[in-house]
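The file entry-v2.txt comes next; it holds compact mmCIF, C-alpha atoms and all ligand atoms.
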```txt
# COMPACT_ATOMS: atom_id res chain seq x y z
CA MET A 1 0.00 0.00 0.00
CA LYS A 2 1.45 3.35 -1.08
CA VAL A 3 0.20 6.63 0.36
CA LEU A 4 1.04 10.21 -0.56
CA GLY A 5 1.30 12.44 2.52
CA ILE A 6 0.89 16.23 2.53
CA GLU A 7 1.88 18.48 5.45
CA THR A 8 1.40 22.27 5.56
CA SER A 9 0.35 22.94 9.17
CA CYS A 10 3.06 25.50 9.95
CA ASP A 11 6.07 26.69 7.98
CA GLU A 12 7.15 23.63 5.98
CA THR A 13 5.50 22.69 2.70
CA ALA A 14 6.08 18.94 2.56
CA ALA A 15 5.03 15.88 0.57
CA ALA A 16 6.19 12.26 0.76
CA VAL A 17 5.28 8.76 -0.36
CA VAL A 18 5.40 5.90 2.15
CA GLU A 19 4.78 2.21 1.47
CA ASP A 20 3.07 -0.06 4.02
CA GLY A 21 3.46 2.49 6.83
CA CYS A 22 7.18 1.93 7.22
CA THR A 23 9.12 2.41 3.98
CA LEU A 24 9.84 5.96 2.87
CA LEU A 25 9.95 5.91 -0.95
CA GLY A 26 10.58 9.62 -1.54
CA GLN A 27 9.97 13.05 -0.09
CA MET A 28 10.36 16.78 -0.51
CA VAL A 29 10.33 19.50 2.14
CA ALA A 30 10.33 23.21 1.26
CA SER A 31 11.19 25.07 4.45
CA GLN A 32 10.23 28.71 4.93
CA MET A 33 12.43 29.03 8.01
CA ASP A 34 14.83 31.61 6.55
CA LEU A 35 11.93 33.80 5.47
CA HIS A 36 10.31 33.79 8.93
CA ALA A 37 13.65 34.16 10.75
CA ARG A 38 13.69 37.81 9.62
CA PHE A 39 10.55 38.39 11.70
CA GLY A 40 11.70 36.32 14.69
CA GLY A 41 8.86 33.80 14.28
CA VAL A 42 6.30 32.39 11.86
CA VAL A 43 4.11 35.03 10.20
CA PRO A 44 0.86 33.17 9.39
CA GLU A 45 -0.06 35.23 6.33
CA VAL A 46 3.41 34.85 4.83
CA ALA A 47 3.32 31.09 5.54
CA SER A 48 -0.02 30.57 3.73
CA ARG A 49 1.20 32.41 0.63
CA GLN A 50 4.40 30.39 0.55
CA HIS A 51 2.44 27.13 0.79
CA VAL A 52 0.26 28.18 -2.16
CA GLU A 53 3.36 28.97 -4.19
CA HIS A 54 5.17 25.72 -3.45
CA ILE A 55 2.58 22.98 -2.89
CA THR A 56 2.18 21.80 -6.50
CA ARG A 57 5.92 21.63 -7.13
CA VAL A 58 6.61 19.92 -3.79
CA ILE A 59 4.04 17.17 -4.45
CA ALA A 60 5.39 16.61 -7.97
CA GLU A 61 8.97 16.42 -6.70
CA ALA A 62 8.11 14.02 -3.87
CA MET A 63 6.39 11.70 -6.36
CA ARG A 64 9.34 11.95 -8.75
CA ASP A 65 11.73 11.19 -5.88
CA ALA A 66 9.61 8.14 -5.00
CA ALA A 67 9.35 7.13 -8.69
CA VAL A 68 5.57 6.71 -8.48
CA THR A 69 2.66 7.87 -10.63
CA TRP A 70 -0.93 8.47 -9.51
CA ALA A 71 -1.80 4.96 -10.66
CA ASP A 72 0.69 3.51 -8.12
CA LEU A 73 -0.94 5.26 -5.14
CA ASP A 74 -3.65 3.87 -2.82
CA GLY A 75 -4.53 7.03 -0.91
CA ILE A 76 -3.80 10.67 -0.13
CA ALA A 77 -3.17 11.59 3.51
CA VAL A 78 -3.16 15.17 4.70
CA THR A 79 -2.69 17.04 7.97
CA CYS A 80 -6.13 18.53 8.69
CA GLY A 81 -5.19 20.01 12.10
CA PRO A 82 -4.09 21.38 14.44
CA GLY A 83 -1.98 24.26 13.11
CA LEU A 84 -2.25 27.60 11.39
CA LEU A 85 -5.63 27.69 9.67
CA GLY A 86 -4.46 29.41 6.49
CA SER A 87 -1.52 27.03 6.16
CA LEU A 88 -3.58 23.92 6.84
CA LEU A 89 -6.15 25.02 4.25
CA VAL A 90 -3.58 24.94 1.45
CA GLY A 91 -2.66 21.30 2.12
CA VAL A 92 -6.25 20.19 2.68
CA SER A 93 -7.44 21.93 -0.50
CA ALA A 94 -4.62 20.36 -2.51
CA ALA A 95 -5.34 16.90 -1.09
CA LYS A 96 -9.09 17.20 -1.74
CA SER A 97 -8.54 18.39 -5.32
CA LEU A 98 -6.17 15.50 -6.00
CA ALA A 99 -8.53 12.98 -4.38
CA LEU A 100 -11.38 14.25 -6.53
CA ALA A 101 -9.29 14.19 -9.70
CA THR A 102 -7.78 10.74 -9.12
CA GLY A 103 -10.59 9.01 -7.23
CA LEU A 104 -8.12 8.06 -4.47
CA PRO A 105 -9.38 7.92 -0.85
CA LEU A 106 -8.64 10.94 1.36
CA VAL A 107 -7.13 10.24 4.79
CA PRO A 108 -7.30 12.99 7.46
CA VAL A 109 -4.27 12.96 9.79
CA HIS A 110 -3.90 14.74 13.13
CA HIS A 111 -0.52 16.48 13.22
CA ILE A 112 0.47 14.85 16.53
CA ALA A 113 -0.51 11.39 15.30
CA GLY A 114 1.79 12.16 12.38
CA HIS A 115 4.72 13.04 14.65
CA VAL A 116 4.20 9.76 16.51
CA ALA A 117 4.05 7.75 13.25
CA ALA A 118 7.53 9.02 12.33
CA ALA A 119 8.80 6.35 14.74
CA LEU A 120 7.20 3.58 12.65
CA ILE A 121 9.31 4.40 9.58
CA ASP A 122 11.94 1.69 9.06
CA ARG A 123 10.14 -0.22 11.82
CA ARG A 124 12.13 1.55 14.55
CA ALA A 125 9.19 1.13 16.91
CA ALA A 126 6.16 -1.17 16.90
CA LEU A 127 2.72 -0.47 18.37
CA PRO A 128 1.71 -0.28 21.23
CA PHE A 129 3.99 2.20 23.02
CA LEU A 130 4.20 5.26 25.25
CA ALA A 131 4.92 8.45 23.29
CA LEU A 132 6.36 11.74 24.46
CA VAL A 133 5.54 14.37 21.83
CA VAL A 134 7.55 17.56 22.26
CA SER A 135 7.25 20.18 19.54
CA GLY A 136 6.77 23.90 19.00
CA GLY A 137 3.04 23.62 19.67
CA HIS A 138 2.72 20.50 21.86
CA THR A 139 4.09 18.72 24.91
CA GLU A 140 2.11 15.55 25.46
CA LEU A 141 2.44 12.12 26.98
CA LEU A 142 0.29 9.64 25.04
CA TRP A 143 -0.49 5.97 25.23
CA VAL A 144 -0.68 4.67 21.65
CA ASP A 145 -2.43 1.31 21.40
CA GLY A 146 -2.04 -1.52 18.89
CA SER A 147 -4.67 0.04 16.60
CA PHE A 148 -2.93 3.42 16.50
CA ARG A 149 -5.50 4.92 18.85
CA PHE A 150 -4.41 7.52 21.38
CA ARG A 151 -5.06 8.04 25.08
CA LYS A 152 -3.75 11.31 26.44
CA LEU A 153 -2.07 10.92 29.82
CA GLY A 154 -1.14 14.57 30.19
CA GLY A 155 0.09 17.68 28.45
CA THR A 156 1.30 21.22 28.90
CA GLN A 157 -0.89 23.66 30.77
CA ASP A 158 0.68 26.68 29.06
CA ASP A 159 3.73 26.91 26.78
CA ALA A 160 4.91 23.92 24.79
CA ALA A 161 8.53 22.84 25.30
CA GLY A 162 9.59 24.06 21.83
CA GLU A 163 7.76 27.34 22.36
CA ALA A 164 9.73 27.88 25.58
CA TYR A 165 12.97 27.13 23.70
CA ASP A 166 12.07 29.66 21.00
CA LYS A 167 11.12 32.35 23.53
CA VAL A 168 14.23 31.85 25.67
CA ALA A 169 16.38 31.97 22.54
CA ARG A 170 14.83 35.27 21.59
CA MET A 171 15.44 36.69 25.11
CA VAL A 172 19.16 35.98 24.90
CA GLY A 173 19.42 37.21 21.30
CA LEU A 174 19.62 33.91 19.43
CA PRO A 175 18.01 33.54 15.97
CA TYR A 176 14.68 31.78 15.21
CA PRO A 177 14.05 28.86 15.50
CA GLY A 178 15.65 28.94 18.91
CA GLY A 179 15.66 25.25 19.82
CA PRO A 180 18.70 24.16 17.83
CA ALA A 181 20.66 27.31 18.85
CA VAL A 182 19.93 26.80 22.57
CA ASP A 183 20.74 23.09 22.25
CA HIS A 184 24.08 23.94 20.66
CA LEU A 185 25.05 26.59 23.22
CA ALA A 186 23.89 24.45 26.14
CA THR A 187 26.73 22.01 25.44
CA THR A 188 29.28 24.70 26.33
CA GLY A 189 27.49 26.16 29.38
CA ASN A 190 27.15 25.11 33.02
CA PRO A 191 23.74 23.47 33.64
CA ALA A 192 24.03 24.18 37.36
CA ALA A 193 24.81 27.90 36.94
CA TYR A 194 21.18 28.84 37.64
CA ALA A 195 18.64 26.89 39.71
CA PHE A 196 15.62 27.41 37.45
CA PRO A 197 12.25 25.96 38.56
CA ARG A 198 11.20 22.40 37.67
CA SER A 199 7.46 23.14 37.55
CA MET A 200 5.02 20.33 38.33
CA MET A 201 7.86 17.80 38.48
CA ASP A 202 6.74 16.30 41.75
CA GLU A 203 3.00 16.37 41.06
CA SER A 204 1.41 13.00 40.53
CA ASN A 205 -0.22 13.91 37.18
CA TYR A 206 1.41 13.86 33.72
CA ASP A 207 0.94 17.55 33.00
CA PHE A 208 3.66 20.08 32.27
CA SER A 209 4.14 23.84 32.64
CA PHE A 210 6.99 25.77 31.05
CA SER A 211 5.76 29.32 31.37
CA GLY A 212 7.19 29.84 34.90
CA LEU A 213 10.57 28.58 33.74
CA LYS A 214 10.50 30.96 30.78
CA THR A 215 9.68 33.88 33.12
CA ALA A 216 12.48 32.87 35.49
CA VAL A 217 14.97 33.07 32.60
CA LEU A 218 13.51 36.44 31.54
CA ASN A 219 13.82 37.81 35.09
CA GLU A 220 17.46 36.75 35.24
CA VAL A 221 18.20 38.34 31.84
CA ASN A 222 16.49 41.58 32.92
CA ARG A 223 18.36 41.64 36.23
CA LEU A 224 21.73 41.22 34.48
CA ARG A 225 20.86 43.89 31.89
CA GLN A 226 19.79 46.35 34.59
CA GLN A 227 23.06 45.82 36.42
CA GLY A 228 24.95 46.33 33.16
CA GLN A 229 26.46 42.87 33.40
CA PRO A 230 27.23 40.68 30.36
CA ILE A 231 24.64 37.98 29.60
CA PRO A 232 26.20 34.51 30.17
CA THR A 233 24.25 33.05 27.26
CA ALA A 234 25.74 29.56 27.37
CA ASP A 235 25.13 29.15 31.12
CA LEU A 236 21.56 30.45 30.80
CA CYS A 237 20.88 28.04 27.90
CA ALA A 238 22.45 25.09 29.73
CA SER A 239 20.53 25.81 32.96
CA PHE A 240 17.24 26.33 31.11
CA GLN A 241 17.74 23.12 29.11
CA ALA A 242 18.60 21.18 32.28
CA ALA A 243 15.30 22.27 33.84
CA VAL A 244 13.26 21.27 30.77
CA ILE A 245 15.00 17.91 30.53
CA ASP A 246 14.66 17.09 34.24
CA VAL A 247 10.88 17.53 34.09
CA LEU A 248 10.40 15.74 30.76
CA VAL A 249 12.52 12.78 31.84
CA ALA A 250 10.98 12.47 35.33
CA LYS A 251 7.37 12.50 34.10
CA THR A 252 8.03 10.27 31.10
CA MET A 253 9.81 7.64 33.18
CA ARG A 254 7.00 7.65 35.73
CA ALA A 255 4.40 7.27 32.97
CA ALA A 256 6.41 4.39 31.50
CA LYS A 257 6.48 2.66 34.87
CA GLU A 258 2.82 3.19 35.63
CA THR A 259 1.55 2.16 32.17
CA GLY A 260 3.90 -0.82 32.04
CA ALA A 261 5.10 0.38 28.63
CA LYS A 262 7.48 -1.93 26.79
CA GLN A 263 8.72 0.83 24.46
CA LEU A 264 9.05 4.60 24.51
CA VAL A 265 8.84 6.81 21.42
CA VAL A 266 10.01 10.43 21.55
CA ALA A 267 8.72 12.58 18.69
CA GLY A 268 8.33 16.20 17.54
CA GLY A 269 10.87 18.95 16.88
CA VAL A 270 12.29 18.97 20.42
CA ALA A 271 13.06 15.23 20.09
CA ALA A 272 15.99 16.50 17.99
CA ASN A 273 17.47 18.00 21.19
CA ARG A 274 20.78 16.34 21.97
CA GLY A 275 20.54 16.91 25.71
CA LEU A 276 17.07 15.35 25.86
CA ARG A 277 18.17 12.39 23.74
CA ALA A 278 21.17 11.75 25.98
CA ALA A 279 19.16 12.07 29.22
CA LEU A 280 16.35 9.81 28.03
CA THR A 281 18.80 7.29 26.60
CA THR A 282 20.48 7.04 30.02
CA ALA A 283 17.22 6.91 32.01
CA THR A 284 15.61 4.28 29.78
CA ALA A 285 18.77 2.14 29.70
CA HIS A 286 18.72 2.19 33.49
CA ALA A 287 15.07 1.08 33.48
CA GLY A 288 15.57 -1.52 30.71
CA LEU A 289 13.07 0.30 28.50
CA PRO A 290 13.77 0.44 24.73
CA VAL A 291 13.54 4.04 23.46
CA HIS A 292 13.13 5.18 19.86
CA PHE A 293 13.88 8.62 18.47
CA PRO A 294 13.04 9.25 14.82
CA PRO A 295 16.05 10.38 12.76
CA LEU A 296 16.55 14.15 13.06
CA ALA A 297 14.94 14.99 9.69
CA LEU A 298 11.78 13.11 10.72
CA CYS A 299 11.55 14.85 14.15
CA THR A 300 10.72 18.30 12.78
CA ASP A 301 7.70 18.78 10.50
CA ASN A 302 7.75 16.58 7.41
CA ALA A 303 5.28 14.65 5.27
CA ALA A 304 6.81 11.19 5.63
CA MET A 305 5.23 11.01 9.08
CA ILE A 306 1.85 12.02 7.66
CA ALA A 307 2.07 9.38 4.92
CA ALA A 308 3.14 6.74 7.47
CA ALA A 309 0.14 7.56 9.68
CA GLY A 310 -2.02 7.65 6.53
CA CYS A 311 -1.07 4.05 5.66
CA LEU A 312 -2.19 2.77 9.08
CA LEU A 313 -5.43 4.75 8.99
CA LEU A 314 -6.25 3.79 5.39
CA ALA A 315 -5.77 0.12 6.25
CA GLN A 316 -8.46 0.60 8.94
CA GLY A 317 -10.77 2.48 6.57
CA ARG A 318 -10.37 5.71 8.58
CA THR A 319 -10.96 7.99 5.56
CA ALA A 320 -12.86 11.28 5.11
CA GLY A 321 -15.23 12.72 2.54
CA LEU A 322 -14.54 15.70 0.33
CA ASP A 323 -16.27 17.89 2.91
CA LEU A 324 -13.12 17.61 5.06
CA ASP A 325 -11.99 21.02 6.30
CA ALA A 326 -8.91 22.39 8.08
CA TYR A 327 -9.20 22.59 11.88
CA ALA A 328 -6.80 24.92 13.70
CA ASN A 329 -7.54 23.54 17.19
CA LEU A 330 -8.37 19.92 16.47
CA THR A 331 -7.92 17.67 19.52
CA LEU A 332 -6.66 14.11 19.25
CA SER A 333 -9.89 12.75 20.70
CA ASP A 334 -12.14 14.71 18.30
CA TRP A 335 -10.02 13.57 15.36
CA GLN A 336 -10.01 9.99 16.60
CA GLU A 337 -13.80 9.92 16.80
CA SER A 338 -14.13 11.79 13.44
CA ARG A 339 -15.80 14.68 15.29
CA PHE A 340 -14.68 17.49 13.04
CA PRO A 341 -15.79 20.87 14.38
CA VAL A 342 -17.90 23.09 12.16
CA ARG A 343 -15.99 26.26 11.29
CA ARG A 344 -17.92 29.54 11.27
O1 LIG B 401 7.66 19.55 15.37
P1 LIG B 401 8.08 20.88 14.91
O2 LIG B 401 8.91 20.98 13.65
O3 LIG B 401 6.87 21.83 14.68
C1 LIG B 401 5.70 21.79 15.44
O4 LIG B 401 4.84 20.93 15.19
O5 LIG B 401 5.65 22.63 16.37
O6 LIG B 401 8.86 21.53 16.12
C2 LIG B 401 9.47 22.79 16.03
C3 LIG B 401 10.03 23.12 17.39
C4 LIG B 401 10.56 24.55 17.46
O7 LIG B 401 10.06 25.14 18.65
C5 LIG B 401 12.06 24.35 17.56
O8 LIG B 401 12.74 25.37 18.26
C6 LIG B 401 12.15 23.01 18.27
O9 LIG B 401 11.11 22.24 17.72
N1 LIG B 401 13.44 22.34 18.06
C7 LIG B 401 14.31 22.09 19.05
C8 LIG B 401 15.44 21.49 18.44
N2 LIG B 401 15.21 21.39 17.10
C9 LIG B 401 13.98 21.92 16.88
N3 LIG B 401 14.23 22.31 20.37
C10 LIG B 401 15.28 21.95 21.13
N4 LIG B 401 16.40 21.39 20.62
C11 LIG B 401 16.54 21.14 19.31
N5 LIG B 401 17.64 20.58 18.84
ZN ZN B 402 5.03 19.48 14.21
```
Spit out the file's structure as C-alpha cells when you get a sec.
Amino acid sequence: MKVLGIETSCDETAAAVVEDGCTLLGQMVASQMDLHARFGGVVPEVASRQHVEHITRVIAEAMRDAAVTWADLDGIAVTCGPGLLGSLLVGVSAAKSLALATGLPLVPVHHIAGHVAAALIDRRAALPFLALVVSGGHTELLWVDGSFRFRKLGGTQDDAAGEAYDKVARMVGLPYPGGPAVDHLATTGNPAAYAFPRSMMDESNYDFSFSGLKTAVLNEVNRLRQQGQPIPTADLCASFQAAVIDVLVAKTMRAAKETGAKQLVVAGGVAANRGLRAALTTATAHAGLPVHFPPLALCTDNAAMIAAAGCLLLAQGRTAGLDLDAYANLTLSDWQESRFPVRR
C-alpha cells in the first residue's frame, strides 16, 4: 500500500510517499524558516502564501523522488489540524482536489498522530507504546495502542517545550528557531549555573508547565541587563535546558512505569534536542526500557510522518469525505472519533 502524505500545518510545505506504513519511498520538504527568521517567528499570512506557491511543485517532486505515478498510489493523507488555519487550508485543498481528480481515498491525519508515526518508519518502533511528543506547539504524553489509537495521559498547561525554547532563545538574542541554537550553546554552558524551577515535576499527574521557567529566565536576563552585566548566554541556555529535561525525563519515566510500557517513542521537533536524547537514553537504559527517536529529519515537521500515519489509517478504513476542512484547534480525541468541528 502506497500513500502520498501532505503536510502544511506551519512553515514547511512537505510531501512524501510511504509504502506499508514503514518504507519511505521519496519526499520533498520546502522550508520557509529563513523567510520567517527575519521576523523572529512564523508570520501566518506569509506562511499561507508560501504554501500556495510551493505545494504543486513539492508534491510533484516528492512523487518523482519516489518514482511513483498516480496509478501507483492507494490514498492521499493530509494534515487537517491542528496548526495555522491558512496554512492547513492549502494542504487540505490540494489533497481534496487530488482525491477528486484521481478518485483516491482521502485520509485525514492529526498532526500529533503524524509526529508519533515518524517512529514507525523503518520499523524503529512497533505499536503499542508510550509516546512523548515535544514540539513547538505541543508537549504531550500519550499511550498509543495496537490500533494506533491515542489516550492522552497529560500535556502542557501553558507553553509547549519548543515554544519555551524559542522564547528563551529570543530573550538571549539567538536567531529563530531557537531550539537548535539553545541546544548547541547548552553544550558549552554550566547546567548548574542557575537553579531554574522544575514546575510540576513532583506532582502526581502527567501535566507540564513551562511558562514559569521561561519567566524565570527572563527575570534573570532583565536583572543582568539592569546591572549592566554581560549575559552569560551559554550558562543560561544550559541551565534552562537542564530544567526542561529534568521535568520531561521524570514525568516520562513515571508514565512508563505506571503504564507498564514496553517501548518509549520520543517525537516532535524537540526530540531533535541532543541533551534530551542523551538524558532519556540514560534513564531508559537504566530502566531496561527500549527508546526510539526518529532520525533528526523526521523529528521536525515533514510529510513522511503524515504518509506513514495515513497508511495505518487507510488500512483501517479511517478515511474522510470531500467535505473535510482544516481545523486549527483539532484535539486528538475529536479527530479519533471523526468529530470534526464546524468552522464559522
Ligand atoms: O515539530 P516541529 O517541527 O513543529 C511543530 O509541530 O511545532 O517543532 C518545532 C520546534 C521549534 O520550537 C524548535 O525550536 C524546536 O522544535 N526544536 C528544538 C530542536 N530542534 C527543533 N528544540 C530543542 N532542541 C533542538 N535541537
Ligand atoms: Zn510538528
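Contact shell of Thr8 of chain A at 9 Å (all atoms listed in the file; same-chain neighbours under 2 positions omitted): Ile6, Cys10, Asp11, Glu12, Thr13, Ala14, Ala15, Ser48, His51, Ile55, Val78, Thr79, Cys80, Gly83, Leu84, Ser87, Leu88, Leu89, Val90, Gly91, Val92, Asp301, Asn302 and Ala303 of chain A.
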Compute the set of protein, DNA and RNA residues whose minimum atom distance to ligand LIG 401 (chain B) is at most 7 Å, using all atoms listed in the file, and state it as a short mmCIF file (atom, residue, chain, number, x, y, z; two decimals) with C-alpha atoms, in the frame of the given file.
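Output file selection-v9.cif follows:
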```cif
data_model
loop_
_atom_site.label_atom_id
_atom_site.label_comp_id
_atom_site.auth_asym_id
_atom_site.auth_seq_id
_atom_site.Cartn_x
_atom_site.Cartn_y
_atom_site.Cartn_z
CA SER A 135 7.25 20.18 19.54
CA GLY A 136 6.77 23.90 19.00
CA GLY A 137 3.04 23.62 19.67
CA HIS A 138 2.72 20.50 21.86
CA GLY A 162 9.59 24.06 21.83
CA GLU A 163 7.76 27.34 22.36
CA TYR A 165 12.97 27.13 23.70
CA ASP A 166 12.07 29.66 21.00
CA PRO A 177 14.05 28.86 15.50
CA GLY A 178 15.65 28.94 18.91
CA GLY A 179 15.66 25.25 19.82
CA PRO A 180 18.70 24.16 17.83
CA VAL A 182 19.93 26.80 22.57
CA ASP A 183 20.74 23.09 22.25
CA GLY A 268 8.33 16.20 17.54
CA GLY A 269 10.87 18.95 16.88
CA VAL A 270 12.29 18.97 20.42
CA ALA A 271 13.06 15.23 20.09
CA ALA A 272 15.99 16.50 17.99
CA ASN A 273 17.47 18.00 21.19
CA ARG A 274 20.78 16.34 21.97
CA CYS A 299 11.55 14.85 14.15
CA THR A 300 10.72 18.30 12.78
CA ASP A 301 7.70 18.78 10.50
#
```
From A:Ala243, A:Ala267, A:Ala181, A:Val168, residue lying nearest ligand ZN 402 (chain B) [all atoms listed in the file]: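 Smallest distance to ligand ZN 402 (chain B) is found for A:Ala267.
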Nearest-residue call for Leu248 of chain A, choices A:Gly228, A:Gly288, A:Gly275, A:Pro44, using only C-alpha atoms: A:Gly275
If I wrap all listed atoms of segment 58-74 of chain A in a box with edges along x, y and z and add 5 Å on each side, what are its centre and edge lengths in Å to one decimal, as JSON?
```
{"center_x": 4.0, "center_y": 11.7, "center_z": -6.7, "size_x": 25.4, "size_y": 26.4, "size_z": 17.8}
```
Shell of 12 Å around Val247 of chain A, all atoms listed in the file, local chain residues under 2 positions omitted, as a PyMOL selection string: chain A and resi 139+156+161+196-203+206-210+213+240-245+249-254+276+279-280
Please dump the current selection as a PDB file, in the frame of the given file; keep C-alpha atoms.
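Output (again-v5.pdb):
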```
ATOM      1  CA  THR A 139       4.090  18.720  24.910  1.00  0.00           C
ATOM      2  CA  THR A 156       1.300  21.220  28.900  1.00  0.00           C
ATOM      3  CA  ALA A 161       8.530  22.840  25.300  1.00  0.00           C
ATOM      4  CA  PHE A 196      15.620  27.410  37.450  1.00  0.00           C
ATOM      5  CA  PRO A 197      12.250  25.960  38.560  1.00  0.00           C
ATOM      6  CA  ARG A 198      11.200  22.400  37.670  1.00  0.00           C
ATOM      7  CA  SER A 199       7.460  23.140  37.550  1.00  0.00           C
ATOM      8  CA  MET A 200       5.020  20.330  38.330  1.00  0.00           C
ATOM      9  CA  MET A 201       7.860  17.800  38.480  1.00  0.00           C
ATOM     10  CA  ASP A 202       6.740  16.300  41.750  1.00  0.00           C
ATOM     11  CA  GLU A 203       3.000  16.370  41.060  1.00  0.00           C
ATOM     12  CA  TYR A 206       1.410  13.860  33.720  1.00  0.00           C
ATOM     13  CA  ASP A 207       0.940  17.550  33.000  1.00  0.00           C
ATOM     14  CA  PHE A 208       3.660  20.080  32.270  1.00  0.00           C
ATOM     15  CA  SER A 209       4.140  23.840  32.640  1.00  0.00           C
ATOM     16  CA  PHE A 210       6.990  25.770  31.050  1.00  0.00           C
ATOM     17  CA  LEU A 213      10.570  28.580  33.740  1.00  0.00           C
ATOM     18  CA  PHE A 240      17.240  26.330  31.110  1.00  0.00           C
ATOM     19  CA  GLN A 241      17.740  23.120  29.110  1.00  0.00           C
ATOM     20  CA  ALA A 242      18.600  21.180  32.280  1.00  0.00           C
ATOM     21  CA  ALA A 243      15.300  22.270  33.840  1.00  0.00           C
ATOM     22  CA  VAL A 244      13.260  21.270  30.770  1.00  0.00           C
ATOM     23  CA  ILE A 245      15.000  17.910  30.530  1.00  0.00           C
ATOM     24  CA  VAL A 249      12.520  12.780  31.840  1.00  0.00           C
ATOM     25  CA  ALA A 250      10.980  12.470  35.330  1.00  0.00           C
ATOM     26  CA  LYS A 251       7.370  12.500  34.100  1.00  0.00           C
ATOM     27  CA  THR A 252       8.030  10.270  31.100  1.00  0.00           C
ATOM     28  CA  MET A 253       9.810   7.640  33.180  1.00  0.00           C
ATOM     29  CA  ARG A 254       7.000   7.650  35.730  1.00  0.00           C
ATOM     30  CA  LEU A 276      17.070  15.350  25.860  1.00  0.00           C
ATOM     31  CA  ALA A 279      19.160  12.070  29.220  1.00  0.00           C
ATOM     32  CA  LEU A 280      16.350   9.810  28.030  1.00  0.00           C
TER      33      LEU A 280
END
```
A:Val217, A:Ala297, A:Ala101, A:Ala195 ranked by distance to ligand ZN 402 (chain B), top pick (using only C-alpha atoms and all ligand atoms): A:Ala297
Expected residue set, 7 Å radius at (-9.2, 17.4, 16.3), all atoms listed in the file, as an MDAnalysis selection string: chainID A and resid 81:82 110 327 329:335 340
Selected residues written out, C-alpha atoms, as a CSV table (one decimal), in the frame of the given file:
```csv
chain,number,residue,atom,x,y,z
A,81,GLY,CA,-5.2,20.0,12.1
A,82,PRO,CA,-4.1,21.4,14.4
A,110,HIS,CA,-3.9,14.7,13.1
A,327,TYR,CA,-9.2,22.6,11.9
A,329,ASN,CA,-7.5,23.5,17.2
A,330,LEU,CA,-8.4,19.9,16.5
A,331,THR,CA,-7.9,17.7,19.5
A,332,LEU,CA,-6.7,14.1,19.2
A,333,SER,CA,-9.9,12.8,20.7
A,334,ASP,CA,-12.1,14.7,18.3
A,335,TRP,CA,-10.0,13.6,15.4
A,340,PHE,CA,-14.7,17.5,13.0
```
Thr69 of chain A surroundings by all atoms listed in the file, 12 Å radius, close-in-sequence under 3 positions cut, as an mmCIF file with C-alpha atoms, in the frame of the given file:
```
data_model
loop_
_atom_site.group_PDB
_atom_site.id
_atom_site.type_symbol
_atom_site.label_atom_id
_atom_site.label_comp_id
_atom_site.auth_asym_id
_atom_site.auth_seq_id
_atom_site.Cartn_x
_atom_site.Cartn_y
_atom_site.Cartn_z
ATOM 1 C CA LYS A 2 1.450 3.350 -1.080
ATOM 2 C CA VAL A 3 0.200 6.630 0.360
ATOM 3 C CA LEU A 4 1.040 10.210 -0.560
ATOM 4 C CA VAL A 17 5.280 8.760 -0.360
ATOM 5 C CA ILE A 59 4.040 17.170 -4.450
ATOM 6 C CA ALA A 60 5.390 16.610 -7.970
ATOM 7 C CA GLU A 61 8.970 16.420 -6.700
ATOM 8 C CA ALA A 62 8.110 14.020 -3.870
ATOM 9 C CA MET A 63 6.390 11.700 -6.360
ATOM 10 C CA ARG A 64 9.340 11.950 -8.750
ATOM 11 C CA ASP A 65 11.730 11.190 -5.880
ATOM 12 C CA ALA A 66 9.610 8.140 -5.000
ATOM 13 C CA ASP A 72 0.690 3.510 -8.120
ATOM 14 C CA LEU A 73 -0.940 5.260 -5.140
ATOM 15 C CA ASP A 74 -3.650 3.870 -2.820
ATOM 16 C CA THR A 102 -7.780 10.740 -9.120
#
```
Nearest to Gln263 of chain A, chosen from A:Pro128, A:Ala320, A:Ser239, A:Val18, with all atoms listed in the file counted in the distances: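 Using all atoms listed in the file, the shortest distance to Gln263 of chain A belongs to A:Pro128.
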Straight-line distance linking atom CA of Leu264 of chain A with atom CA of Phe129 of chain A, stated in Å to one decimal: 5.8 Å
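Nearest residue to Leu98 of chain A, choosing from A:Ala77, A:Ala192, A:Leu174, A:Ala326 and counting all atoms listed in the file: A:Ala77.
Taking all atoms listed in the file into account, ligand ZN 402 (chain B) lies nearest to A:Ala113 out of the set A:Leu35, A:Leu24, A:Ala99, A:Ala113.
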Distance query 12 Å from (1.7, 6.5, 23.4) using only C-alpha atoms, result as a PyMOL selection string: chain A and resi 112-113+115-117+119+125-133+140-154+252+255-256+259-267
Pairwise distance for atom CA of Glu337 of chain A and atom CA of Thr23 of chain A, rounded to one decimal in Å: 27.3 Å
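Taking atom CA of Ala30 of chain A and atom CA of Ser9 of chain A as the two end points, the separation is 12.7 Å.
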